[in-house]
Amino acid sequence: MYTIKTQNSKDLYDEAKNYLVGGVNSPVRAFKPYPFFVKSAKECYLIDEDDNKYIDYCLAYGPMVLGHANQDILSKVKEQMDLGTAYGVPAKKEIELAKEIIDRIPCAEMVRFVNSGTEATMSAIRLARGVTGKNKIIKFDGAYHGAHDYVLVKSGSGALTHGSPNSPGIPADTTKNTILLPFNNRELMEKTIAEQKEEIACIIVEPVMGNVGCILPNDDYLKFLREITEENNIVLIFDEVITGFRLSKGGAQEYFGVTPDLVTLGKILGGGFPIGAIAGKKELMENFSPNGTIYQAGTFNGNPVSITAGIETLKCLNDDFYKQTTKKATILSNHLRELSDKYGIETKVYNVASIFQVYFNKNEVLNYDIAKESNTELFNKYFFGLLNNGVFIAPSQFECCFTSIAHNEEDIQTTMNVMENAFKSLK
Ligand code: PMP
C-alpha cells in the first residue's frame, strides 16, 4: 500500500541515495522501504511529493508546537529577514529572548545562544567540567543529548533505532569519562557518587526521557538527583531540548518543581528555525568566554531569524496552549490504552503534557533496558497502519509523539479511528 501511494517519493529516494548518505540528512528520518519526501507543511499536516496528506505527530521532532508554517510567526520572520539574516555583532532581540527564558525557566539567570541542542549540551558539559575542575560526567542509558563525542554512548534516538548506540570513531579515551547509569535507579547512583564524587563534574539528564520512547521519572527521582548533586559539588544539568517550553512555561523544572544548575534548550525555542541555548545560574554561566575562560563561540549564535521566531513562538505559549495540547495528548493516550484492552495487545502507554508514546511491552517502562525489550516489529506494523491511513508519527519505538495547538478536534477524531484500524490489524 505504502509503495503504491508514494511513487514520487520512491523516485526521489532512489536519486537522493546517490548524493546523500542513506538518502537523508539525519538518520532518524530513514525507514524501510524508504521515507516519503515532503513537499510542503501547513498547520498539523505534511503533504508529500505524491500529494498524500498526513496528520503529523512528529512535528519535526518537537519544534513545531504551533503547527507548520504558522503565519503569525512567519510574518515576523519575513520582516526580520529584510533587516538582515546574520550580523556578527549583538542585536537587541537577543536580550528580549534571553529575558523571556529567564522569566520562565526557574534556573535561568543568564543565557548563551547556540545553534542546536547538540552544541548546547556539549558546551554545558564543558562548563561543568571547567568550573568544577573534574572530568567525569554521568549520563543515563538510552538518553540522547545530541551527536557529540562525550555523550554518544549507549545513546537513544537514531543511534538506538539504527543499532549503533556506541558510535565508532569516538576514542575510548574520550568516553572513558562518561559514566552510564540506569534511569530511575537510586542505589547505583548513590554508590557511584560515593565512590567517585571527587571526579564527577555533572549529571546530565533528560527529565522525561524522550529519545527512548517516553520514560517518566519515578516519584521524586529528579528531587533525589538535585539533593545528591548539591551535597557532592556536582553540577546538575537538565537537558530540556524536548521538555523545555513543552511540559509547562518553565519546562520540566517548573513542572516537577526541581531546579537544576544548568539547562540546555533547543527545538521549541527556535520556533521552527535552528537554535540551542544554555542557561543557568549566573555564577556558573559567567565562566563562559568572554567573561570567563571556558570557551564557547559560534558564527550563527543568536541568529536574528531564529531569535525572532523564538520570541514570537514563546508569546503564544500561554496557559490555554498547555491546557489544549495536554488535552489532545491525553485523549490519544487514553484511546491507545482502551484499544490495547479491546484488542488484547500488551502495551504500556505514557503521556505527560503534549508528549505521548505507546510501547509494545508488557512491563512498566522505567529505563532503557526495559524499553529495549519492546516488540519493535509490532511497533513497525502500527507505524505503517497509521502511515497508510494518513497519520505520521516518528518511525521508531524509541522516539516520542507530540501534539500541537494546530491539531483540531476532527484531526484527533480521525487519528483515533486510524489508531483503531491499526490495532485491529495487529491482532
Ligand atoms: N538533547 C535532547 C534531549 C534531544 O532530544 C536532542 C535532539 N532530539 C538533542 C539534545 C540534540 O539536539 P539537536 O538535534 O538540535 O542537535
# chains A, B, ... in the order shown; residues from 1 in each chain; ligands from 1
call {"tool": "residues_around", "arguments": {"residues": "range 225-227 of chain A", "least_positions_apart": "3", "cutoff": "7 Å", "atoms": "only C-alpha atoms", "output": "PyMOL selection string"}}
result
chain A and resi 221-222+230-231+236+260
call {"tool": "residues_near_ligand", "arguments": {"ligand": "ligand 1", "cutoff": "7 Å", "atoms": "only C-alpha atoms and all ligand atoms", "output": "PyMOL selection string"}}
result
chain A and resi 61+116-119+121+144-147+206+210-211+239-242+266-267+276
call {"tool": "write_last_selection", "arguments": {"atoms": "C-alpha atoms", "output": "compact mmCIF listing (two decimals), in the first residue's frame"}}
result
# COMPACT_ATOMS: atom_id res chain seq x y z
CA TYR A 61 10.90 16.03 16.28
CA SER A 116 21.44 23.26 18.14
CA GLY A 117 20.72 21.08 21.11
CA THR A 118 23.95 19.22 20.40
CA GLU A 119 26.01 22.37 20.79
CA THR A 121 24.81 20.03 25.76
CA TYR A 144 20.22 11.27 23.86
CA HIS A 145 21.97 14.59 24.27
CA GLY A 146 22.95 15.17 20.67
CA ALA A 147 25.57 13.78 18.35
CA GLU A 206 16.50 14.40 30.25
CA GLY A 210 12.09 11.36 25.11
CA ASN A 211 14.65 9.59 22.96
CA ASP A 239 18.67 18.63 29.10
CA GLU A 240 15.34 20.24 28.24
CA VAL A 241 15.79 20.28 24.48
CA ILE A 242 12.48 18.37 24.29
CA GLY A 266 16.58 23.90 21.62
CA LYS A 267 13.69 22.82 19.40
CA GLY A 276 20.03 25.96 21.03
call {"tool": "closest_atom_pairs", "arguments": {"of": "range 8-101 of chain A", "to": "range 278-285 of chain A", "cutoff": "12 Å", "atoms": "only C-alpha atoms", "output": "JSON lines"}}
result
{"residue": "A:Leu97", "atom": "CA", "partner": "A:Ala279", "partner_atom": "CA", "distance": 11.8}
{"residue": "A:Ala98", "atom": "CA", "partner": "A:Ala279", "partner_atom": "CA", "distance": 8.8}
{"residue": "A:Lys99", "atom": "CA", "partner": "A:Ala279", "partner_atom": "CA", "distance": 11.0}
{"residue": "A:Glu100", "atom": "CA", "partner": "A:Ala279", "partner_atom": "CA", "distance": 11.6}
{"residue": "A:Ile101", "atom": "CA", "partner": "A:Ala279", "partner_atom": "CA", "distance": 8.2}
call {"tool": "select_by_dssp", "arguments": {"residues": "range 113-190 of chain A", "states": "strand (DSSP E or B)", "output": "list in words"}}
result
Phe113, Val114, Lys136, Ile137, Ile138, Lys139, Phe140, Thr178, Ile179, Leu180 and Leu181 of chain A
call {"tool": "write_last_selection", "arguments": {"atoms": "N, CA and C atoms", "output": "PDB file, in the first residue's frame"}}
result
ATOM      1  N   PHE A 113      23.171  31.738  23.600  1.00  0.00           N
ATOM      2  CA  PHE A 113      22.500  31.098  22.463  1.00  0.00           C
ATOM      3  C   PHE A 113      23.508  30.389  21.572  1.00  0.00           C
ATOM      4  N   VAL A 114      23.130  29.201  21.118  1.00  0.00           N
ATOM      5  CA  VAL A 114      23.924  28.449  20.146  1.00  0.00           C
ATOM      6  C   VAL A 114      22.974  28.006  19.026  1.00  0.00           C
ATOM      7  N   LYS A 136      34.761  13.640  34.990  1.00  0.00           N
ATOM      8  CA  LYS A 136      33.735  12.627  34.678  1.00  0.00           C
ATOM      9  C   LYS A 136      32.348  13.232  34.605  1.00  0.00           C
ATOM     10  N   ILE A 137      31.514  12.620  33.779  1.00  0.00           N
ATOM     11  CA  ILE A 137      30.116  13.031  33.713  1.00  0.00           C
ATOM     12  C   ILE A 137      29.245  11.777  33.841  1.00  0.00           C
ATOM     13  N   ILE A 138      28.056  11.972  34.386  1.00  0.00           N
ATOM     14  CA  ILE A 138      27.102  10.854  34.436  1.00  0.00           C
ATOM     15  C   ILE A 138      26.005  11.127  33.433  1.00  0.00           C
ATOM     16  N   LYS A 139      25.762  10.137  32.573  1.00  0.00           N
ATOM     17  CA  LYS A 139      24.587  10.197  31.691  1.00  0.00           C
ATOM     18  C   LYS A 139      23.811   8.896  31.851  1.00  0.00           C
ATOM     19  N   PHE A 140      22.542   8.934  31.476  1.00  0.00           N
ATOM     20  CA  PHE A 140      21.707   7.752  31.662  1.00  0.00           C
ATOM     21  C   PHE A 140      21.676   6.905  30.388  1.00  0.00           C
ATOM     22  N   THR A 178      32.758   9.150  30.661  1.00  0.00           N
ATOM     23  CA  THR A 178      31.289   9.167  30.674  1.00  0.00           C
ATOM     24  C   THR A 178      30.792   7.936  31.425  1.00  0.00           C
ATOM     25  N   ILE A 179      30.188   8.177  32.579  1.00  0.00           N
ATOM     26  CA  ILE A 179      29.661   7.069  33.386  1.00  0.00           C
ATOM     27  C   ILE A 179      28.194   6.856  33.009  1.00  0.00           C
ATOM     28  N   LEU A 180      27.832   5.614  32.742  1.00  0.00           N
ATOM     29  CA  LEU A 180      26.454   5.307  32.331  1.00  0.00           C
ATOM     30  C   LEU A 180      25.696   4.663  33.465  1.00  0.00           C
ATOM     31  N   LEU A 181      24.515   5.166  33.738  1.00  0.00           N
ATOM     32  CA  LEU A 181      23.700   4.569  34.793  1.00  0.00           C
ATOM     33  C   LEU A 181      22.263   4.413  34.321  1.00  0.00           C
TER      34      LEU A 181
END
call {"tool": "decode", "arguments": {"residues": "range 108-159 of chain A", "atoms": "C-alpha atoms", "output": "PDB file, in the first residue's frame"}}
result
ATOM      1  CA  ALA A 108      17.888  30.556  34.181  1.00  0.00           C
ATOM      2  CA  GLU A 109      19.735  33.690  35.290  1.00  0.00           C
ATOM      3  CA  MET A 110      21.916  34.090  32.177  1.00  0.00           C
ATOM      4  CA  VAL A 111      21.783  32.677  28.672  1.00  0.00           C
ATOM      5  CA  ARG A 112      24.145  31.769  25.820  1.00  0.00           C
ATOM      6  CA  PHE A 113      22.500  31.098  22.463  1.00  0.00           C
ATOM      7  CA  VAL A 114      23.924  28.449  20.146  1.00  0.00           C
ATOM      8  CA  ASN A 115      22.574  26.694  17.035  1.00  0.00           C
ATOM      9  CA  SER A 116      21.438  23.255  18.142  1.00  0.00           C
ATOM     10  CA  GLY A 117      20.722  21.077  21.110  1.00  0.00           C
ATOM     11  CA  THR A 118      23.954  19.220  20.401  1.00  0.00           C
ATOM     12  CA  GLU A 119      26.013  22.375  20.793  1.00  0.00           C
ATOM     13  CA  ALA A 120      24.085  23.286  23.932  1.00  0.00           C
ATOM     14  CA  THR A 121      24.810  20.030  25.764  1.00  0.00           C
ATOM     15  CA  MET A 122      28.423  19.971  24.568  1.00  0.00           C
ATOM     16  CA  SER A 123      29.020  23.442  25.956  1.00  0.00           C
ATOM     17  CA  ALA A 124      27.064  22.849  29.179  1.00  0.00           C
ATOM     18  CA  ILE A 125      29.210  19.795  29.913  1.00  0.00           C
ATOM     19  CA  ARG A 126      32.375  21.768  29.155  1.00  0.00           C
ATOM     20  CA  LEU A 127      31.192  24.480  31.532  1.00  0.00           C
ATOM     21  CA  ALA A 128      30.501  21.957  34.302  1.00  0.00           C
ATOM     22  CA  ARG A 129      33.917  20.385  33.825  1.00  0.00           C
ATOM     23  CA  GLY A 130      35.693  23.721  33.630  1.00  0.00           C
ATOM     24  CA  VAL A 131      34.048  25.121  36.736  1.00  0.00           C
ATOM     25  CA  THR A 132      34.413  22.052  38.934  1.00  0.00           C
ATOM     26  CA  GLY A 133      37.836  21.061  37.625  1.00  0.00           C
ATOM     27  CA  LYS A 134      36.539  17.484  37.401  1.00  0.00           C
ATOM     28  CA  ASN A 135      36.403  15.292  34.291  1.00  0.00           C
ATOM     29  CA  LYS A 136      33.735  12.627  34.678  1.00  0.00           C
ATOM     30  CA  ILE A 137      30.116  13.031  33.713  1.00  0.00           C
ATOM     31  CA  ILE A 138      27.102  10.854  34.436  1.00  0.00           C
ATOM     32  CA  LYS A 139      24.587  10.197  31.691  1.00  0.00           C
ATOM     33  CA  PHE A 140      21.707   7.752  31.662  1.00  0.00           C
ATOM     34  CA  ASP A 141      21.476   4.668  29.484  1.00  0.00           C
ATOM     35  CA  GLY A 142      19.405   5.479  26.426  1.00  0.00           C
ATOM     36  CA  ALA A 143      19.459   9.238  26.938  1.00  0.00           C
ATOM     37  CA  TYR A 144      20.223  11.273  23.855  1.00  0.00           C
ATOM     38  CA  HIS A 145      21.972  14.590  24.267  1.00  0.00           C
ATOM     39  CA  GLY A 146      22.953  15.174  20.674  1.00  0.00           C
ATOM     40  CA  ALA A 147      25.571  13.782  18.347  1.00  0.00           C
ATOM     41  CA  HIS A 148      28.819  14.841  20.014  1.00  0.00           C
ATOM     42  CA  ASP A 149      31.516  12.626  21.412  1.00  0.00           C
ATOM     43  CA  TYR A 150      31.077  12.875  25.180  1.00  0.00           C
ATOM     44  CA  VAL A 151      27.505  11.644  25.121  1.00  0.00           C
ATOM     45  CA  LEU A 152      27.228   9.305  22.159  1.00  0.00           C
ATOM     46  CA  VAL A 153      27.491   6.268  24.390  1.00  0.00           C
ATOM     47  CA  LYS A 154      24.531   3.930  24.947  1.00  0.00           C
ATOM     48  CA  SER A 155      22.572   6.654  23.272  1.00  0.00           C
ATOM     49  CA  GLY A 156      18.904   6.750  22.360  1.00  0.00           C
ATOM     50  CA  SER A 157      17.109   8.137  19.316  1.00  0.00           C
ATOM     51  CA  GLY A 158      18.513   7.264  15.877  1.00  0.00           C
ATOM     52  CA  ALA A 159      21.643   5.796  17.433  1.00  0.00           C
TER      53      ALA A 159
END
